[in-house]
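Colleague: Questions regarding the structure given below will be posed in turn.
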Amino acid sequence: MFSKLKNYGTMDKDPLLKGFDPTMADKTGQLKEQYYTPPPKLGKWEGFKIFLWNSETGQFLGRTAGSWAKILLFYFCFYSVLIGFFSAMLAIFYQTLDSKVPKWQLDASLIGSNPGLGFRPMPPESHVESTLVWFKKTDTKNLQVWVNMIDEFLQPYKNRSVGGNVVNCDYENSPPEGKVCYVDIKAWEPCTSQKNYSYGAGTPCIFLKLNKIYNWNPDYYENTEQLPEKMPQDLKNHISSETSSSPNAAKTVWVSCEGENPADVENIGSIHYFPKRGFPGYFFPYKNQEGYLSPVIALWFESPTPGVLINIECKAWAKNIFHDRMERRGSVHFELMVD
């Protein structure tokens, strides 16, 4: 067929001859057949060895030495600039911070200037959202769980003694600058480790502490005329008795605990406070002093009604402490049940 072609210009019009190159025909007019020869098939191991090092092209892991040098230089420069930039930003940022003094304090901070109360022991982690202290006084294993939690909470207080920057304080002797007050928990009978915090007797001890707020100073009730109407009457009587013998005792963040409902008031029994019915003013303000420990109060429930769930609310009292039951501001709620 090709030997009869005389006009190559008609080749593009014939679909069979489209793309035909006349130079590929020999003198007889027959086409020279040309084929692409694929590379020989290699096994997985042979292919992997060639990928590691191709002696024909001088490639290592698919790249030549020059290609590897260029890409390594690029990433070295890129990450060097990136590290330098973030290092400079962090250095500038840390220049604005103090490791001991928070930048935002009191009302300007997220914590605010209204401290709350915390209680211990808290229920185990399996009941993390609960506030129920429920134990069986005849179950030794159950009692030990609660005793161990209190021991863990009080361990920092047990390991601290007077000396160094820890000093004895009272209303007449506030701690010098940089010193902290000693918290003595050894004489709080029966709320001691030796007595298992009285859990075995069915008269448990609950510990309260005021949340730390940097540079917060309580605004005390200096005299009984300033006491709010909502303050429990028994606490008013206690303040009047304390301040009559020692006027400086008015510099205290007072604490009251009572049943939330009439039935709770009936079943709660008498409550004793150790060492005082409040947090002494010489523990404030907290300024991140080395070795500082928050003051602690032990509540001893002398005769709670067994087998009854008792709702208890404790409040801290100072002029600049405001109470909000829903948000637990200035107060804490927990339940007590003794079986």
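Identifiers in the structure tokens: chain A, B, ... in order shown; residue index from 1 per chain; ligand index from 1 in order shown.
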Taking the backbone alone, and naming residues the way the document does, which bits of range 254-284 of chain A are alpha helix (DSSP H) by DSSP, as a list in words?
Modeller: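 Selection result, alpha helix (DSSP H) within range 254-284 of chain A: Pro262, Ala263, Asp264, Val265, Glu266, Asn267 and Ile268 of chain A.
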Colleague: Those selected residues, please, written with N, CA and C atoms and delivered as a JSON list (two decimals), in the first residue's frame.
Modeller:
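result.json was written with the following content:
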[["chain", "number", "residue", "atom", "x", "y", "z"],
["A", 262, "PRO", "N", -33.83, 22.26, 107.87],
["A", 262, "PRO", "CA", -34.20, 21.97, 109.26],
["A", 262, "PRO", "C", -33.88, 20.54, 109.70],
["A", 263, "ALA", "N", -34.11, 19.57, 108.80],
["A", 263, "ALA", "CA", -33.79, 18.18, 109.15],
["A", 263, "ALA", "C", -32.29, 18.00, 109.35],
["A", 264, "ASP", "N", -31.49, 18.70, 108.56],
["A", 264, "ASP", "CA", -30.03, 18.61, 108.69],
["A", 264, "ASP", "C", -29.57, 19.24, 110.00],
["A", 265, "VAL", "N", -30.19, 20.35, 110.37],
["A", 265, "VAL", "CA", -29.84, 21.02, 111.64],
["A", 265, "VAL", "C", -30.13, 20.09, 112.81],
["A", 266, "GLU", "N", -31.21, 19.35, 112.70],
["A", 266, "GLU", "CA", -31.60, 18.44, 113.78],
["A", 266, "GLU", "C", -30.64, 17.26, 113.90],
["A", 267, "ASN", "N", -30.10, 16.79, 112.79],
["A", 267, "ASN", "CA", -29.27, 15.58, 112.79],
["A", 267, "ASN", "C", -27.77, 15.83, 112.85],
["A", 268, "ILE", "N", -27.35, 17.07, 112.67],
["A", 268, "ILE", "CA", -25.92, 17.32, 112.56],
["A", 268, "ILE", "C", -25.19, 17.23, 113.89]]
Colleague: Sorted by chain and rising residue number, list the residues of range 182-238 of chain A at most 8 Å from range 285-291 of chain A (counting only C-alpha atoms), each with its closest atom pair and distance in Å to one decimal, as a Markdown table.
Modeller:
| residue | atom | partner | partner_atom | distance |
| --- | --- | --- | --- | --- |
| A:Lys212 | CA | A:Tyr286 | CA | 6.8 |
| A:Ile213 | CA | A:Tyr286 | CA | 6.7 |
| A:Tyr214 | CA | A:Tyr286 | CA | 5.3 |
| A:Asn215 | CA | A:Pro285 | CA | 5.1 |
| A:Trp216 | CA | A:Pro285 | CA | 5.4 |
| A:Asn217 | CA | A:Pro285 | CA | 5.2 |
Colleague: Write a file of the just-selected residues containing C-alpha atoms, as a PDB file, in the first residue's frame.
Modeller:
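Saved the output as part-v3.pdb:
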ATOM      1  CA  LYS A 212      -5.102  30.936  98.130  1.00  0.00           C
ATOM      2  CA  ILE A 213      -5.325  34.217  96.216  1.00  0.00           C
ATOM      3  CA  TYR A 214      -2.119  36.131  95.646  1.00  0.00           C
ATOM      4  CA  ASN A 215      -1.881  39.390  97.630  1.00  0.00           C
ATOM      5  CA  TRP A 216      -5.433  39.090  98.963  1.00  0.00           C
ATOM      6  CA  ASN A 217      -6.051  40.696 102.351  1.00  0.00           C
TER       7      ASN A 217
END
Colleague: What are the nearest atom pairs, with distances in Å to one decimal, for all residues of range 51-130 of chain A that come at most 7 Å from range 197-211 of chain A, using only C-alpha atoms, set out by chain and rising residue number as JSON lines?
Modeller:
{"residue": "A:Pro115", "atom": "CA", "partner": "A:Asn211", "partner_atom": "CA", "distance": 5.6}
{"residue": "A:Gly116", "atom": "CA", "partner": "A:Asn211", "partner_atom": "CA", "distance": 5.6}
{"residue": "A:Leu117", "atom": "CA", "partner": "A:Leu210", "partner_atom": "CA", "distance": 4.8}
{"residue": "A:Gly118", "atom": "CA", "partner": "A:Lys209", "partner_atom": "CA", "distance": 5.4}
{"residue": "A:Phe119", "atom": "CA", "partner": "A:Leu208", "partner_atom": "CA", "distance": 4.6}
{"residue": "A:Arg120", "atom": "CA", "partner": "A:Phe207", "partner_atom": "CA", "distance": 5.1}
{"residue": "A:Pro121", "atom": "CA", "partner": "A:Ile206", "partner_atom": "CA", "distance": 6.7}
Colleague: Only N, CA and C atoms, please: the residues just picked out, written as a PDB file, in the first residue's frame.
Modeller:
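Saved to again_33.pdb:
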ATOM      1  N   PRO A 115     -12.358  34.519  97.638  1.00  0.00           N
ATOM      2  CA  PRO A 115     -11.899  33.146  97.827  1.00  0.00           C
ATOM      3  C   PRO A 115     -13.041  32.195  98.156  1.00  0.00           C
ATOM      4  N   GLY A 116     -12.802  30.938  97.872  1.00  0.00           N
ATOM      5  CA  GLY A 116     -13.753  29.897  98.225  1.00  0.00           C
ATOM      6  C   GLY A 116     -13.168  28.994  99.293  1.00  0.00           C
ATOM      7  N   LEU A 117     -13.970  28.079  99.766  1.00  0.00           N
ATOM      8  CA  LEU A 117     -13.533  27.115 100.763  1.00  0.00           C
ATOM      9  C   LEU A 117     -13.383  25.746 100.110  1.00  0.00           C
ATOM     10  N   GLY A 118     -12.441  24.986 100.596  1.00  0.00           N
ATOM     11  CA  GLY A 118     -12.287  23.607 100.162  1.00  0.00           C
ATOM     12  C   GLY A 118     -12.369  22.689 101.364  1.00  0.00           C
ATOM     13  N   PHE A 119     -12.751  21.447 101.150  1.00  0.00           N
ATOM     14  CA  PHE A 119     -12.842  20.487 102.261  1.00  0.00           C
ATOM     15  C   PHE A 119     -12.104  19.208 101.902  1.00  0.00           C
ATOM     16  N   ARG A 120     -11.645  18.528 102.945  1.00  0.00           N
ATOM     17  CA  ARG A 120     -11.001  17.232 102.825  1.00  0.00           C
ATOM     18  C   ARG A 120     -11.454  16.371 104.009  1.00  0.00           C
ATOM     19  N   PRO A 121     -11.644  15.068 103.809  1.00  0.00           N
ATOM     20  CA  PRO A 121     -11.334  14.310 102.593  1.00  0.00           C
ATOM     21  C   PRO A 121     -12.465  14.421 101.569  1.00  0.00           C
TER      22      PRO A 121
END
Colleague: Could you check the closest approach to Gln155 in chain A for each of A:Ala187, A:Trp53, A:Leu293, A:Lys136 and tell me which residue wins, using only C-alpha atoms?
Modeller: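 Checking each of A:Ala187, A:Trp53, A:Leu293, A:Lys136 against Gln155 in chain A, counting only C-alpha atoms, the winner is A:Leu293.
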Colleague: Determine, counting only C-alpha atoms, which protein, DNA and RNA residues have an atom within 12 Å of an atom of range 40-50 of chain A; residues of the same chain fewer than 6 positions away are not included. Present the result as a PyMOL selection string.
Modeller: chain A and resi 56-63
Colleague: So the first atom is CA of Ile312 in chain A and the second is CA of Ser130 in chain A; what is the distance between them in Å, to one decimal place?
Modeller: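 Here the two named atoms are 13.7 Å from each other.
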